[in-house]
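Student: Please find start35.csv (CSV, C-alpha atoms) on the next line:
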```
chain,number,residue,atom,x,y,z
A,1,MET,CA,-66.9,8.1,16.2
A,2,LYS,CA,-64.7,7.0,13.2
A,3,MET,CA,-63.0,10.4,13.2
A,4,THR,CA,-62.3,10.1,16.9
A,5,HIS,CA,-60.6,6.8,16.4
A,6,GLN,CA,-58.5,8.2,13.6
A,7,LEU,CA,-57.4,11.1,15.8
A,8,LEU,CA,-56.6,8.8,18.7
A,9,HIS,CA,-54.2,6.6,16.7
A,10,ARG,CA,-52.0,9.7,16.0
A,11,PHE,CA,-51.4,10.3,19.8
A,12,PRO,CA,-49.5,8.1,22.3
A,13,PHE,CA,-51.4,6.3,25.0
A,14,THR,CA,-54.3,5.6,22.6
A,15,HIS,CA,-55.6,2.7,24.6
A,16,ILE,CA,-56.0,5.0,27.7
A,17,ALA,CA,-57.8,7.7,25.7
A,18,GLU,CA,-60.2,5.1,24.1
A,19,HIS,CA,-61.0,3.8,27.6
A,20,LEU,CA,-61.8,7.3,28.9
A,21,LEU,CA,-64.0,8.1,25.9
A,22,SER,CA,-65.9,4.8,26.0
A,23,ASN,CA,-66.2,4.9,29.9
A,24,PRO,CA,-67.6,8.3,31.0
A,25,GLY,CA,-67.4,7.2,34.7
A,26,ALA,CA,-63.6,7.0,34.4
A,27,VAL,CA,-63.4,10.8,34.0
A,28,GLY,CA,-65.7,11.8,36.8
A,29,LEU,CA,-69.0,11.9,34.9
A,30,GLN,CA,-70.6,9.1,36.9
A,31,MET,CA,-74.2,9.3,37.7
A,32,GLY,CA,-75.0,9.1,41.4
A,33,CYS,CA,-73.5,10.8,44.4
A,34,ALA,CA,-69.8,11.2,45.3
A,35,GLU,CA,-68.1,12.9,48.2
A,36,HIS,CA,-67.8,16.7,47.7
A,37,ARG,CA,-65.6,19.4,49.1
A,38,PRO,CA,-67.5,22.7,49.6
A,39,ASN,CA,-65.8,25.9,48.5
A,40,ILE,CA,-64.7,28.0,51.5
A,41,ARG,CA,-63.3,31.5,52.3
A,42,LEU,CA,-61.5,32.2,55.6
A,43,SER,CA,-60.9,35.8,56.4
A,44,GLU,CA,-59.6,37.6,59.5
A,45,THR,CA,-60.3,40.8,61.4
A,46,ALA,CA,-58.6,42.0,64.6
A,47,ALA,CA,-61.1,40.2,66.8
A,48,GLU,CA,-62.1,37.1,64.8
A,49,TYR,CA,-61.8,34.7,61.9
A,50,VAL,CA,-64.8,34.4,59.6
A,51,LEU,CA,-65.3,31.2,57.6
A,52,LEU,CA,-67.8,31.2,54.7
A,53,ALA,CA,-68.7,27.9,53.0
A,54,GLU,CA,-70.9,27.3,49.9
A,55,LEU,CA,-73.6,24.7,50.8
A,56,PRO,CA,-76.5,25.2,48.4
A,57,GLY,CA,-79.5,23.1,49.2
A,58,VAL,CA,-78.1,21.7,52.5
A,59,ALA,CA,-80.6,21.7,55.4
A,60,GLU,CA,-79.5,22.6,58.9
A,61,LYS,CA,-80.5,19.1,60.0
A,62,ASP,CA,-77.9,17.7,57.5
A,63,LEU,CA,-75.0,19.9,58.8
A,64,GLN,CA,-72.5,19.3,61.6
A,65,ILE,CA,-69.9,21.8,62.7
A,66,GLN,CA,-67.2,20.9,65.2
A,67,LEU,CA,-64.2,22.7,66.7
A,68,LYS,CA,-61.6,20.6,68.4
A,69,LYS,CA,-58.0,21.6,69.2
A,70,ASN,CA,-58.2,24.6,66.8
A,71,VAL,CA,-59.4,22.5,63.9
A,72,LEU,CA,-62.8,23.4,62.4
A,73,LYS,CA,-64.6,20.5,60.8
A,74,ILE,CA,-67.8,21.0,58.7
A,75,SER,CA,-69.5,17.8,57.5
A,76,GLY,CA,-72.9,16.8,56.3
A,77,GLU,CA,-74.9,15.7,53.2
A,78,PHE,CA,-76.3,17.2,50.1
A,79,GLN,CA,-79.6,15.5,49.4
A,80,ALA,CA,-80.1,14.0,46.0
A,81,LEU,CA,-82.7,15.7,43.8
A,82,GLN,CA,-85.9,13.9,43.0
A,83,THR,CA,-86.2,13.5,39.3
A,84,ASP,CA,-89.6,11.9,38.9
A,85,GLY,CA,-88.4,9.0,36.8
A,86,GLN,CA,-86.1,11.0,34.6
A,87,GLU,CA,-82.7,9.5,33.8
A,88,ALA,CA,-79.8,12.0,34.2
A,89,LEU,CA,-77.4,11.9,31.2
A,90,VAL,CA,-74.9,14.4,32.9
A,91,SER,CA,-75.2,15.7,36.4
A,92,GLU,CA,-73.0,18.3,38.1
A,93,ILE,CA,-75.3,19.0,41.0
A,94,ASN,CA,-73.8,18.2,44.3
A,95,CYS,CA,-75.2,15.2,46.3
A,96,GLY,CA,-73.9,12.9,48.9
A,97,LYS,CA,-71.7,13.4,51.9
A,98,PHE,CA,-69.2,16.2,52.3
A,99,LEU,CA,-66.4,17.0,54.7
A,100,ARG,CA,-64.1,20.0,55.1
A,101,ALA,CA,-61.6,20.3,57.9
A,102,MET,CA,-59.2,23.2,58.5
A,103,ALA,CA,-56.6,24.1,61.1
A,104,LEU,CA,-57.2,27.6,62.2
A,105,PRO,CA,-54.3,30.1,62.2
A,106,GLY,CA,-54.6,31.0,65.8
A,107,PRO,CA,-56.3,30.2,69.1
A,108,ILE,CA,-60.1,30.5,69.3
A,109,SER,CA,-62.5,31.3,72.1
A,110,ALA,CA,-64.6,28.2,71.6
A,111,ILE,CA,-67.5,29.2,73.8
A,112,LYS,CA,-68.1,32.3,71.7
A,113,VAL,CA,-68.2,30.6,68.3
A,114,SER,CA,-71.4,31.2,66.3
A,115,ALA,CA,-72.7,29.9,63.0
A,116,LYS,CA,-75.6,30.6,60.7
A,117,LEU,CA,-76.9,29.1,57.4
A,118,ASN,CA,-78.5,31.6,55.1
A,119,SER,CA,-79.4,31.1,51.4
A,120,GLY,CA,-76.9,28.2,51.0
A,121,ILE,CA,-74.0,30.1,52.6
A,122,LEU,CA,-72.7,28.9,56.0
A,123,GLU,CA,-71.0,31.6,58.1
A,124,VAL,CA,-69.0,30.6,61.1
A,125,ARG,CA,-67.6,33.4,63.3
A,126,LEU,CA,-64.6,32.3,65.4
A,127,PRO,CA,-63.6,34.9,68.0
A,128,LYS,CA,-59.9,35.0,68.7
A,129,GLU,CA,-58.8,34.0,72.2
A,130,VAL,CA,-57.5,36.8,74.3
A,131,LYS,CA,-54.4,35.6,76.2
A,132,ASP,CA,-54.2,36.5,79.9
A,133,ASP,CA,-51.0,38.5,79.4
A,134,GLU,CA,-52.4,40.4,76.4
A,135,VAL,CA,-53.7,43.9,76.9
A,136,LYS,CA,-57.0,44.7,75.3
A,137,VAL,CA,-58.1,48.3,75.1
A,138,ILE,CA,-61.8,48.7,75.5
A,139,SER,CA,-63.3,52.0,74.4
A,140,LEU,CA,-66.6,53.4,75.9
A,141,ALA,CA,-69.5,54.4,73.7
A,142,ASN,CA,-70.9,57.9,74.2
A,143,GLN,CA,-68.1,59.3,76.4
A,144,THR,CA,-68.9,62.9,75.8
A,145,ALA,CA,-72.2,63.2,77.8
A,146,ALA,CA,-70.9,61.5,81.0
A,147,GLY,CA,-68.0,63.9,81.8
A,148,GLU,CA,-69.6,67.3,81.1
```
Show me the file's structure as C-alpha coordinates.
Tutor:
Amino acid sequence: MKMTHQLLHRFPFTHIAEHLLSNPGAVGLQMGCAEHRPNIRLSETAAEYVLLAELPGVAEKDLQIQLKKNVLKISGEFQALQTDGQEALVSEINCGKFLRAMALPGPISAIKVSAKLNSGILEVRLPKEVKDDEVKVISLANQTAAGE
(Lines of atoms letter the chains of each structure in order from A and count residues from 1; the text may use other names and numbers.)
(Lines give C-alpha, C1' and ligand atoms only; values in the text may rest on other atoms or scores of the structure.)
Protein backbone atom coordinates (compact mmCIF):
# COMPACT_ATOMS: atom_id res chain seq x y z
CA MET A 1 0.00 0.00 0.00
CA LYS A 2 2.91 2.33 0.72
CA MET A 3 4.20 1.89 -2.84
CA THR A 4 0.71 2.63 -4.21
CA HIS A 5 0.62 5.92 -2.30
CA GLN A 6 4.10 6.82 -3.58
CA LEU A 7 3.02 6.19 -7.17
CA LEU A 8 -0.21 8.15 -6.75
CA HIS A 9 1.63 11.27 -5.66
CA ARG A 10 3.47 11.37 -9.00
CA PHE A 11 0.23 11.64 -11.01
CA PRO A 12 -2.34 14.44 -11.17
CA PHE A 13 -5.76 13.90 -9.62
CA THR A 14 -4.21 11.92 -6.77
CA HIS A 15 -7.20 12.41 -4.49
CA ILE A 16 -9.53 10.85 -7.10
CA ALA A 17 -7.27 7.83 -7.57
CA GLU A 18 -6.96 7.33 -3.81
CA HIS A 19 -10.75 7.45 -3.48
CA LEU A 20 -11.20 4.83 -6.21
CA LEU A 21 -8.60 2.48 -4.70
CA SER A 22 -9.99 2.76 -1.19
CA ASN A 23 -13.62 2.55 -2.38
CA PRO A 24 -14.09 -0.49 -4.68
CA GLY A 25 -17.78 0.32 -5.12
CA ALA A 26 -16.84 3.53 -6.90
CA VAL A 27 -15.41 1.59 -9.86
CA GLY A 28 -18.25 -0.87 -10.31
CA LEU A 29 -17.04 -3.63 -8.00
CA GLN A 30 -20.00 -3.32 -5.69
CA MET A 31 -21.45 -6.44 -4.19
CA GLY A 32 -25.12 -6.98 -4.84
CA CYS A 33 -27.19 -6.58 -7.96
CA ALA A 34 -27.25 -3.79 -10.49
CA GLU A 35 -29.18 -3.27 -13.71
CA HIS A 36 -27.66 -5.15 -16.62
CA ARG A 37 -27.85 -4.81 -20.42
CA PRO A 38 -27.76 -8.21 -22.14
CA ASN A 39 -25.57 -8.63 -25.21
CA ILE A 40 -27.59 -8.94 -28.42
CA ARG A 41 -27.17 -9.66 -32.12
CA LEU A 42 -29.71 -8.53 -34.71
CA SER A 43 -29.44 -10.11 -38.14
CA GLU A 44 -31.58 -10.01 -41.26
CA THR A 45 -32.71 -12.35 -44.02
CA ALA A 46 -34.98 -11.50 -46.95
CA ALA A 47 -38.03 -12.58 -44.91
CA GLU A 48 -37.27 -11.69 -41.29
CA TYR A 49 -35.11 -10.12 -38.62
CA VAL A 50 -33.62 -12.46 -36.01
CA LEU A 51 -32.58 -11.16 -32.61
CA LEU A 52 -30.39 -13.22 -30.27
CA ALA A 53 -29.83 -12.15 -26.66
CA GLU A 54 -27.53 -13.69 -24.04
CA LEU A 55 -29.60 -14.41 -20.93
CA PRO A 56 -27.76 -17.14 -19.00
CA GLY A 57 -29.68 -18.38 -15.99
CA VAL A 58 -32.87 -16.44 -16.77
CA ALA A 59 -36.06 -18.47 -16.38
CA GLU A 60 -38.96 -18.03 -18.82
CA LYS A 61 -41.12 -16.79 -15.92
CA ASP A 62 -38.65 -13.93 -15.34
CA LEU A 63 -38.66 -12.76 -18.98
CA GLN A 64 -40.97 -10.30 -20.77
CA ILE A 65 -40.89 -9.55 -24.51
CA GLN A 66 -42.96 -6.76 -26.05
CA LEU A 67 -43.28 -5.34 -29.55
CA LYS A 68 -44.92 -1.93 -29.82
CA LYS A 69 -44.72 0.49 -32.75
CA ASN A 70 -41.72 -1.34 -34.21
CA VAL A 71 -39.74 -1.23 -30.94
CA LEU A 72 -38.76 -4.57 -29.41
CA LYS A 73 -38.39 -4.49 -25.63
CA ILE A 74 -36.84 -7.36 -23.64
CA SER A 75 -36.92 -7.09 -19.85
CA GLY A 76 -36.71 -9.36 -16.87
CA GLU A 77 -34.54 -10.35 -13.97
CA PHE A 78 -31.42 -12.40 -13.33
CA GLN A 79 -31.94 -14.22 -10.03
CA ALA A 80 -29.14 -13.84 -7.48
CA LEU A 81 -27.10 -16.96 -6.79
CA GLN A 82 -27.55 -18.61 -3.41
CA THR A 83 -24.15 -18.70 -1.69
CA ASP A 84 -24.90 -20.62 1.53
CA GLY A 85 -23.46 -17.96 3.83
CA GLN A 86 -20.36 -17.26 1.73
CA GLU A 87 -19.35 -13.63 1.41
CA ALA A 88 -18.49 -12.62 -2.16
CA LEU A 89 -15.25 -10.64 -2.45
CA VAL A 90 -15.70 -9.95 -6.18
CA SER A 91 -18.71 -10.92 -8.26
CA GLU A 92 -19.17 -10.46 -12.00
CA ILE A 93 -22.16 -12.78 -12.25
CA ASN A 94 -25.26 -11.00 -13.52
CA CYS A 95 -28.14 -10.52 -11.13
CA GLY A 96 -30.96 -8.05 -10.88
CA LYS A 97 -33.24 -6.46 -13.42
CA PHE A 98 -32.37 -5.97 -17.07
CA LEU A 99 -33.88 -4.07 -19.96
CA ARG A 100 -33.04 -3.86 -23.64
CA ALA A 101 -35.11 -1.90 -26.16
CA MET A 102 -34.36 -1.60 -29.86
CA ALA A 103 -36.08 0.17 -32.75
CA LEU A 104 -36.28 -2.34 -35.58
CA PRO A 105 -35.05 -1.31 -39.04
CA GLY A 106 -38.34 -2.02 -40.82
CA PRO A 107 -42.02 -2.88 -40.35
CA ILE A 108 -42.83 -6.20 -38.64
CA SER A 109 -45.74 -8.62 -38.99
CA ALA A 110 -46.52 -8.61 -35.25
CA ILE A 111 -48.91 -11.58 -35.27
CA LYS A 112 -46.18 -13.86 -36.68
CA VAL A 113 -43.43 -12.98 -34.17
CA SER A 114 -42.05 -15.98 -32.28
CA ALA A 115 -39.56 -16.40 -29.45
CA LYS A 116 -37.77 -19.25 -27.70
CA LEU A 117 -35.29 -19.48 -24.83
CA ASN A 118 -32.76 -22.29 -25.10
CA SER A 119 -29.55 -22.75 -23.06
CA GLY A 120 -29.46 -19.10 -22.01
CA ILE A 121 -29.94 -17.73 -25.53
CA LEU A 122 -33.16 -15.93 -26.40
CA GLU A 123 -34.09 -16.08 -30.09
CA VAL A 124 -36.80 -13.74 -31.36
CA ARG A 125 -37.93 -14.15 -34.98
CA LEU A 126 -39.57 -11.06 -36.41
CA PRO A 127 -41.08 -11.63 -39.88
CA LYS A 128 -41.02 -8.58 -42.11
CA GLU A 129 -44.37 -7.12 -43.00
CA VAL A 130 -45.40 -7.55 -46.62
CA LYS A 131 -46.91 -4.32 -47.92
CA ASP A 132 -50.09 -4.55 -50.00
CA ASP A 133 -48.40 -3.04 -53.06
CA GLU A 134 -45.35 -5.31 -52.77
CA VAL A 135 -45.19 -8.34 -55.08
CA LYS A 136 -44.10 -11.53 -53.41
CA VAL A 137 -43.19 -14.49 -55.65
CA ILE A 138 -44.18 -17.79 -54.05
CA SER A 139 -42.58 -20.91 -55.47
CA LEU A 140 -44.23 -24.33 -55.34
CA ALA A 141 -42.50 -27.34 -53.87
CA ASN A 142 -42.27 -30.50 -56.09
CA GLN A 143 -43.45 -28.91 -59.33
CA THR A 144 -42.08 -31.65 -61.60
CA ALA A 145 -44.52 -34.48 -60.74
CA ALA A 146 -47.75 -32.43 -61.19
CA GLY A 147 -47.32 -31.38 -64.81
CA GLU A 148 -46.02 -34.59 -66.37
Student: I'd like the neighbourhood of Leu42 in chain A as a PyMOL selection string, where a residue qualifies if any of its atoms comes within 12 Å (using all atoms listed in the file), though same-chain residues fewer than 6 positions away should be ignored.
Tutor: chain A and resi 48-53+72+102-105+122-126
Student: Which residue, A:Gln86, A:Asn39, A:Asn94, A:Asn70, has the smallest gap to Ser109 in chain A when you use all atoms listed in the file?
Tutor: A:Asn70
Student: Which protein, DNA or RNA residues have an atom at most 12 Å from (-66.5, 20.4, 64.1), counting all atoms listed in the file? List them as an NGL selection string.
Tutor: :A and (63-76 or 99-104 or 110 or 113 or 115 or 124)
Student: When you draw a straight line from CA of Glu129 in chain A to CA of Asp62 in chain A, how long is it in Å?
Tutor: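 Separation between CA of Glu129 in chain A and CA of Asp62 in chain A: 29.1 Å.
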Student: For a test of reading the model, state the distance in Å between CA of Ala59 in chain A and CA of Lys116 in chain A, rounded to one decimal.
Tutor: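 Answer for the CA of Ala59 in chain A to CA of Lys116 in chain A separation: 11.5 Å.
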Student: Have a look at CA of Glu54 in chain A and CA of Gln82 in chain A and let me know their distance in Å, one decimal.
Tutor: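 Going from CA of Glu54 in chain A over to CA of Gln82 in chain A, I get 21.3 Å.
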Student: Could you name the residues that touch Leu55 in chain A at 7 Å or less, counting all atoms listed in the file, but leaving out those on the same chain fewer than 3 positions away, as number ranges by chain?
Tutor: A: 38, 58, 120-122
Student: Looking at only C-alpha atoms, which of A:Ser43, A:Arg37, A:Leu117, A:Pro107 is the one that sits closest to Phe78 in chain A?
Tutor: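 Using only C-alpha atoms, Phe78 in chain A sits closest to A:Arg37.
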